[in-house]
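S.K.: Take a look at the following structure, please.
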Amino acid sequence: MTSPRPVVLVTGAGAGIGRACAITLASHGYHVIAADRDERSAESTTRHIGDHGGFGDAHVCDVTNSAAVDAMVDMIIRKHGALDGAVNNAGISGARVGIADLDDEAWIHTRSIDLDGVLYCMRAEIRAMRPRGRGSIVNMASILSTVAVSNAAAYITAKHGVLGLTRSAALDYAQDGIRINAVGPGFIDVERRRDMAADVRHDLTARHPIGRLGSPEDVAELVTFLMSERARNITGSFVPTDGGYTVH
Ligand SMILES: NC(=O)c1ccc[n+]([C@@H]2O[C@H](COP(=O)([O-])OP(=O)(O)OC[C@H]3O[C@@H](n4cnc5c(N)ncnc54)[C@H](O)[C@@H]3O)[C@@H](O)[C@H]2O)c1
């Protein structure tokens, strides 16, 4: 059966930026597959979507498990007939230590979610989109895909890698009608930052010339634009939404 609405997969849709992307895309008429490794938070997102008149299904998936990612995309095709778009958002911030103190486990853990997970998702999504000759993928990169802060090498390396994956795939599949872009949020005011000490919040805010931390909804608006046909001439791009963070 083919869904009457465009179908979009959002990973890490249970909280923060992913949740905002899922809710915003649903409000624009997409049927959202809200995937998260945490079942209750994925269900909370789809409940919110349903309560506001939208359409969505929760799906439990850990993006580090490539077989589970493949099975999830197969399930979407079986149930909905197509996959029109995807937001590869699931990610963690990783260990805050210098390279000399970064152990193998912490390096591999961060890389497996923030970089390998994006590869596994893109690979399955592209395989599903290619036969139809269209699709739009948005990868969640970061300002730390182009600049660095201290003591975050695993995260920064993975996020730089997301740009490499984005640009390579955009080139490889442009002729197949699949657009692939990355967005680069600055420090975003997600739920887990709400209880930050006032001085830390002040310092973090001061790094953004615009004078505020961006919201998850700010990121979701950009993602929704890149997902849509209005962005039909944009592929392989990295688009920051960072209040000017990377200007200086
Ligand atoms: N918050 C920021 O300031 C910021 C800035 C730049 C980029 N980002 C990126 O945005 C993305 C989302 O960040 P956030 O701040 O909203 O995070 P968050 O911690 O608020 O939410 C992340 C969600 O992803 C899920 N998740 C984590 N690992 C997963 C896995 N292996 N498989 C499936 N789901 C998993 C979590 O359960 C959670 O629901 C990440 O890729 C992050 O690197 C965030």
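Note on naming: chains are A, B, ... as they come in the structure tokens, residues start from 1 per chain, ligands start from 1 in the order shown.
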Using only C-alpha atoms, which protein or nucleic acid residues come within 12 Å of Gly164 (chain A)? Drop anything in the same chain fewer than 3 positions from it, and give the result as a PyMOL selection string.
M.R.: chain A and resi 115+118-119+139+141+145-146+157-161+167-171+180-182+236-238
S.K.: Could you go through region 2-244 of chain A and tell me which residues DSSP, when run on the backbone, assigns to strand (DSSP E), listing them as an MDAnalysis selection string?
M.R.: chainID A and resid 7:11 31:36 55:60 85:88 135:140 178:185 238:241
S.K.: With a cut-off of 8 Å, could you pull out the residues of chain A touching ligand 1 and give me the nearest pair of atoms for each, distance in Å to one decimal, using only C-alpha atoms and all ligand atoms, ordered by chain and ascending number, as a Markdown table?
M.R.:
| residue | atom | partner | partner_atom_place_in_ligand_line | distance |
| --- | --- | --- | --- | --- |
| A:Thr11 | CA | ligand 1 | 34 (N) | 5.9 |
| A:Gly12 | CA | ligand 1 | 24 (O) | 3.3 |
| A:Ala13 | CA | ligand 1 | 39 (O) | 5.7 |
| A:Gly14 | CA | ligand 1 | 39 (O) | 3.9 |
| A:Ala15 | CA | ligand 1 | 39 (O) | 4.1 |
| A:Gly16 | CA | ligand 1 | 16 (O) | 3.4 |
| A:Ile17 | CA | ligand 1 | 16 (O) | 3.7 |
| A:Gly18 | CA | ligand 1 | 16 (O) | 5.6 |
| A:Arg19 | CA | ligand 1 | 16 (O) | 7.5 |
| A:Ala35 | CA | ligand 1 | 33 (C) | 6.7 |
| A:Asp36 | CA | ligand 1 | 34 (N) | 3.9 |
| A:Arg37 | CA | ligand 1 | 33 (C) | 4.1 |
| A:Asp38 | CA | ligand 1 | 37 (O) | 5.0 |
| A:Ser41 | CA | ligand 1 | 39 (O) | 6.4 |
| A:Ala42 | CA | ligand 1 | 39 (O) | 7.3 |
| A:Val60 | CA | ligand 1 | 33 (C) | 7.7 |
| A:Cys61 | CA | ligand 1 | 33 (C) | 5.6 |
| A:Asp62 | CA | ligand 1 | 32 (N) | 3.5 |
| A:Val63 | CA | ligand 1 | 32 (N) | 4.1 |
| A:Thr64 | CA | ligand 1 | 31 (N) | 5.4 |
| A:Asn88 | CA | ligand 1 | 41 (O) | 7.7 |
| A:Asn89 | CA | ligand 1 | 41 (O) | 4.7 |
| A:Ala90 | CA | ligand 1 | 24 (O) | 4.2 |
| A:Gly91 | CA | ligand 1 | 41 (O) | 3.5 |
| A:Ile92 | CA | ligand 1 | 43 (O) | 5.5 |
| A:Ser93 | CA | ligand 1 | 43 (O) | 5.8 |
| A:Ser112 | CA | ligand 1 | 31 (N) | 7.9 |
| A:Ile113 | CA | ligand 1 | 31 (N) | 5.0 |
| A:Asp114 | CA | ligand 1 | 41 (O) | 6.3 |
| A:Gly117 | CA | ligand 1 | 31 (N) | 7.1 |
| A:Met140 | CA | ligand 1 | 41 (O) | 5.2 |
| A:Ala141 | CA | ligand 1 | 7 (C) | 5.7 |
| A:Ser142 | CA | ligand 1 | 6 (C) | 4.1 |
| A:Ile143 | CA | ligand 1 | 6 (C) | 6.3 |
| A:Leu144 | CA | ligand 1 | 6 (C) | 7.2 |
| A:Tyr155 | CA | ligand 1 | 43 (O) | 7.6 |
| A:Lys159 | CA | ligand 1 | 43 (O) | 7.4 |
| A:Gly184 | CA | ligand 1 | 6 (C) | 6.1 |
| A:Pro185 | CA | ligand 1 | 6 (C) | 4.3 |
| A:Gly186 | CA | ligand 1 | 5 (C) | 5.1 |
| A:Phe187 | CA | ligand 1 | 3 (O) | 3.5 |
| A:Ile188 | CA | ligand 1 | 3 (O) | 3.7 |
| A:Asp189 | CA | ligand 1 | 3 (O) | 6.5 |
| A:Val190 | CA | ligand 1 | 1 (N) | 5.6 |
| A:Glu191 | CA | ligand 1 | 20 (O) | 6.4 |
| A:Arg192 | CA | ligand 1 | 20 (O) | 6.2 |
| A:Pro216 | CA | ligand 1 | 16 (O) | 7.1 |
S.K.: Let me see the file: selected residues, N, CA and C atoms, as a compact mmCIF listing (two decimals), in the first residue's frame.
M.R.:
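File written: part16.txt
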# COMPACT_ATOMS: atom_id res chain seq x y z
N THR A 11 15.52 9.81 12.89
CA THR A 11 16.17 9.03 13.95
C THR A 11 16.48 9.94 15.15
N GLY A 12 16.49 9.33 16.33
CA GLY A 12 16.68 10.12 17.55
C GLY A 12 15.52 11.08 17.75
N ALA A 13 14.31 10.60 17.39
CA ALA A 13 13.13 11.48 17.37
C ALA A 13 12.46 11.60 18.73
N GLY A 14 13.04 10.97 19.75
CA GLY A 14 12.38 10.98 21.05
C GLY A 14 12.65 12.21 21.89
N ALA A 15 13.66 12.99 21.53
CA ALA A 15 14.02 14.14 22.38
C ALA A 15 14.69 15.22 21.53
N GLY A 16 14.79 16.40 22.12
CA GLY A 16 15.61 17.47 21.57
C GLY A 16 15.29 17.84 20.12
N ILE A 17 16.34 17.94 19.32
CA ILE A 17 16.22 18.40 17.93
C ILE A 17 15.41 17.40 17.10
N GLY A 18 15.64 16.10 17.31
CA GLY A 18 14.92 15.08 16.54
C GLY A 18 13.43 15.15 16.80
N ARG A 19 13.05 15.34 18.05
CA ARG A 19 11.62 15.45 18.38
C ARG A 19 11.01 16.67 17.68
N ALA A 35 11.89 7.30 15.04
CA ALA A 35 12.72 6.20 15.52
C ALA A 35 13.63 6.67 16.64
N ASP A 36 13.75 5.84 17.65
CA ASP A 36 14.66 6.17 18.76
C ASP A 36 15.03 4.85 19.43
N ARG A 37 16.18 4.83 20.09
CA ARG A 37 16.51 3.62 20.84
C ARG A 37 15.68 3.54 22.11
N ASP A 38 15.09 4.66 22.51
CA ASP A 38 14.25 4.70 23.70
C ASP A 38 12.77 4.68 23.30
N SER A 41 10.20 7.46 24.70
CA SER A 41 10.32 8.82 24.17
C SER A 41 9.86 8.88 22.71
N ALA A 42 10.11 7.80 21.95
CA ALA A 42 9.59 7.77 20.56
C ALA A 42 8.07 7.81 20.58
N VAL A 60 11.32 1.48 17.51
CA VAL A 60 12.53 1.36 18.32
C VAL A 60 13.68 0.89 17.44
N CYS A 61 14.74 1.67 17.39
CA CYS A 61 15.89 1.28 16.58
C CYS A 61 17.14 1.96 17.12
N ASP A 62 18.17 1.17 17.33
CA ASP A 62 19.48 1.70 17.69
C ASP A 62 20.27 1.82 16.38
N VAL A 63 20.65 3.04 16.02
CA VAL A 63 21.27 3.25 14.70
C VAL A 63 22.65 2.62 14.58
N THR A 64 23.22 2.14 15.68
CA THR A 64 24.53 1.47 15.58
C THR A 64 24.40 0.02 15.11
N ASN A 88 18.70 12.06 9.53
CA ASN A 88 19.61 11.22 10.31
C ASN A 88 20.18 12.06 11.44
N ASN A 89 19.47 12.02 12.57
CA ASN A 89 19.71 12.97 13.64
C ASN A 89 20.29 12.33 14.90
N ALA A 90 20.06 11.02 15.13
CA ALA A 90 20.47 10.41 16.40
C ALA A 90 21.95 10.68 16.65
N GLY A 91 22.27 11.14 17.85
CA GLY A 91 23.66 11.42 18.16
C GLY A 91 23.85 11.67 19.64
N ILE A 92 25.11 11.58 20.06
CA ILE A 92 25.47 11.86 21.45
C ILE A 92 26.65 12.83 21.44
N SER A 93 26.88 13.49 22.58
CA SER A 93 27.98 14.46 22.57
C SER A 93 29.33 13.83 22.90
N SER A 112 30.54 5.23 16.70
CA SER A 112 29.55 4.26 16.21
C SER A 112 28.16 4.90 16.12
N ILE A 113 27.84 5.79 17.03
CA ILE A 113 26.52 6.46 16.95
C ILE A 113 26.57 7.63 15.97
N ASP A 114 27.55 8.51 16.14
CA ASP A 114 27.54 9.80 15.42
C ASP A 114 28.00 9.70 13.97
N GLY A 117 26.43 5.26 12.52
CA GLY A 117 24.97 5.25 12.49
C GLY A 117 24.42 6.03 11.30
N MET A 140 22.23 15.35 10.44
CA MET A 140 22.45 16.32 11.52
C MET A 140 23.95 16.41 11.79
N ALA A 141 24.57 17.45 11.21
CA ALA A 141 25.98 17.71 11.49
C ALA A 141 26.04 18.66 12.67
N SER A 142 26.90 19.65 12.64
CA SER A 142 27.08 20.56 13.78
C SER A 142 27.99 21.68 13.32
N ILE A 143 28.00 22.78 14.07
CA ILE A 143 29.07 23.76 13.85
C ILE A 143 30.42 23.08 14.04
N LEU A 144 30.43 22.00 14.87
CA LEU A 144 31.68 21.30 15.14
C LEU A 144 32.02 20.32 14.01
N TYR A 155 33.68 13.46 19.15
CA TYR A 155 32.47 14.08 18.58
C TYR A 155 32.82 14.91 17.34
N LYS A 159 31.58 14.35 13.56
CA LYS A 159 30.75 15.36 12.88
C LYS A 159 31.44 15.90 11.62
N GLY A 184 23.97 22.41 10.33
CA GLY A 184 24.95 22.62 11.39
C GLY A 184 24.44 23.50 12.50
N PRO A 185 23.76 22.91 13.48
CA PRO A 185 23.29 23.73 14.60
C PRO A 185 24.45 24.25 15.43
N GLY A 186 24.28 25.47 15.97
CA GLY A 186 25.14 25.94 17.05
C GLY A 186 24.71 25.23 18.33
N PHE A 187 25.08 25.77 19.49
CA PHE A 187 24.62 25.16 20.75
C PHE A 187 23.13 25.45 20.90
N ILE A 188 22.36 24.39 21.00
CA ILE A 188 20.90 24.50 20.98
C ILE A 188 20.33 24.29 22.39
N ASP A 189 19.27 25.03 22.67
CA ASP A 189 18.66 25.00 24.00
C ASP A 189 17.73 23.79 24.13
N VAL A 190 18.33 22.58 24.11
CA VAL A 190 17.53 21.36 24.24
C VAL A 190 17.21 21.10 25.72
N GLU A 191 16.25 20.20 25.96
CA GLU A 191 15.79 19.93 27.33
C GLU A 191 16.96 19.68 28.28
N ARG A 192 17.94 18.87 27.82
CA ARG A 192 19.02 18.49 28.75
C ARG A 192 19.91 19.67 29.13
N PRO A 216 15.37 23.99 19.38
CA PRO A 216 15.21 22.82 18.50
C PRO A 216 14.31 23.15 17.31
S.K.: Can you tell me, as a list of chain:residue names, what residues are no more than 10 Å from Glu125 (chain A) when counting only C-alpha atoms, ignoring any on the same chain fewer than 2 positions away?
M.R.: A:Leu9, A:Val69, A:Asp70, A:Met72, A:Val73, A:Asp74, A:Leu83, A:Asp84, A:Gly85, A:Ala86, A:Asn88, A:Leu119, A:Tyr120, A:Cys121, A:Met122, A:Arg123, A:Arg127, A:Ala128, A:Met129, A:Arg130, A:Gly135, A:Ser136, A:Ile137
S.K.: Next, the residues of the selection above should be written as a PDB file, in the first residue's frame with C-alpha atoms.
M.R.:
ATOM      1  CA  LEU A   9      12.066   8.801   8.853  1.00  0.00           C
ATOM      2  CA  VAL A  69      18.404  -0.132  10.505  1.00  0.00           C
ATOM      3  CA  ASP A  70      17.930  -2.252   7.347  1.00  0.00           C
ATOM      4  CA  MET A  72      13.392  -0.666   9.889  1.00  0.00           C
ATOM      5  CA  VAL A  73      13.642   0.701   6.339  1.00  0.00           C
ATOM      6  CA  ASP A  74      12.276  -2.597   4.916  1.00  0.00           C
ATOM      7  CA  LEU A  83      10.385   6.383   1.826  1.00  0.00           C
ATOM      8  CA  ASP A  84      10.360  10.016   0.649  1.00  0.00           C
ATOM      9  CA  GLY A  85      12.738  11.567   3.150  1.00  0.00           C
ATOM     10  CA  ALA A  86      14.960  11.001   6.163  1.00  0.00           C
ATOM     11  CA  ASN A  88      19.612  11.218  10.314  1.00  0.00           C
ATOM     12  CA  LEU A 119      26.279   5.694   7.249  1.00  0.00           C
ATOM     13  CA  TYR A 120      24.031   2.711   8.089  1.00  0.00           C
ATOM     14  CA  CYS A 121      20.909   4.890   7.865  1.00  0.00           C
ATOM     15  CA  MET A 122      21.918   6.652   4.631  1.00  0.00           C
ATOM     16  CA  ARG A 123      22.832   3.356   2.981  1.00  0.00           C
ATOM     17  CA  ARG A 127      18.691   1.765  -1.424  1.00  0.00           C
ATOM     18  CA  ALA A 128      14.992   2.352  -0.729  1.00  0.00           C
ATOM     19  CA  MET A 129      14.804   5.695  -2.574  1.00  0.00           C
ATOM     20  CA  ARG A 130      16.840   4.861  -5.683  1.00  0.00           C
ATOM     21  CA  GLY A 135      14.251  11.377  -2.115  1.00  0.00           C
ATOM     22  CA  SER A 136      15.661  13.929   0.296  1.00  0.00           C
ATOM     23  CA  ILE A 137      18.036  13.190   3.170  1.00  0.00           C
TER      24      ILE A 137
END
S.K.: Restricting the calculation to only C-alpha atoms: of A:Thr166, A:Thr205, A:Ser44, A:Gln175, which residue gets closest to Val239 (chain A)?
M.R.: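 The answer is A:Thr166, which sits nearest to Val239 (chain A).
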S.K.: Using only C-alpha atoms, find the one residue out of A:Tyr30, A:Gly50, A:Val138, A:Gly177 that sits nearest to Leu165 (chain A).
M.R.: A:Val138
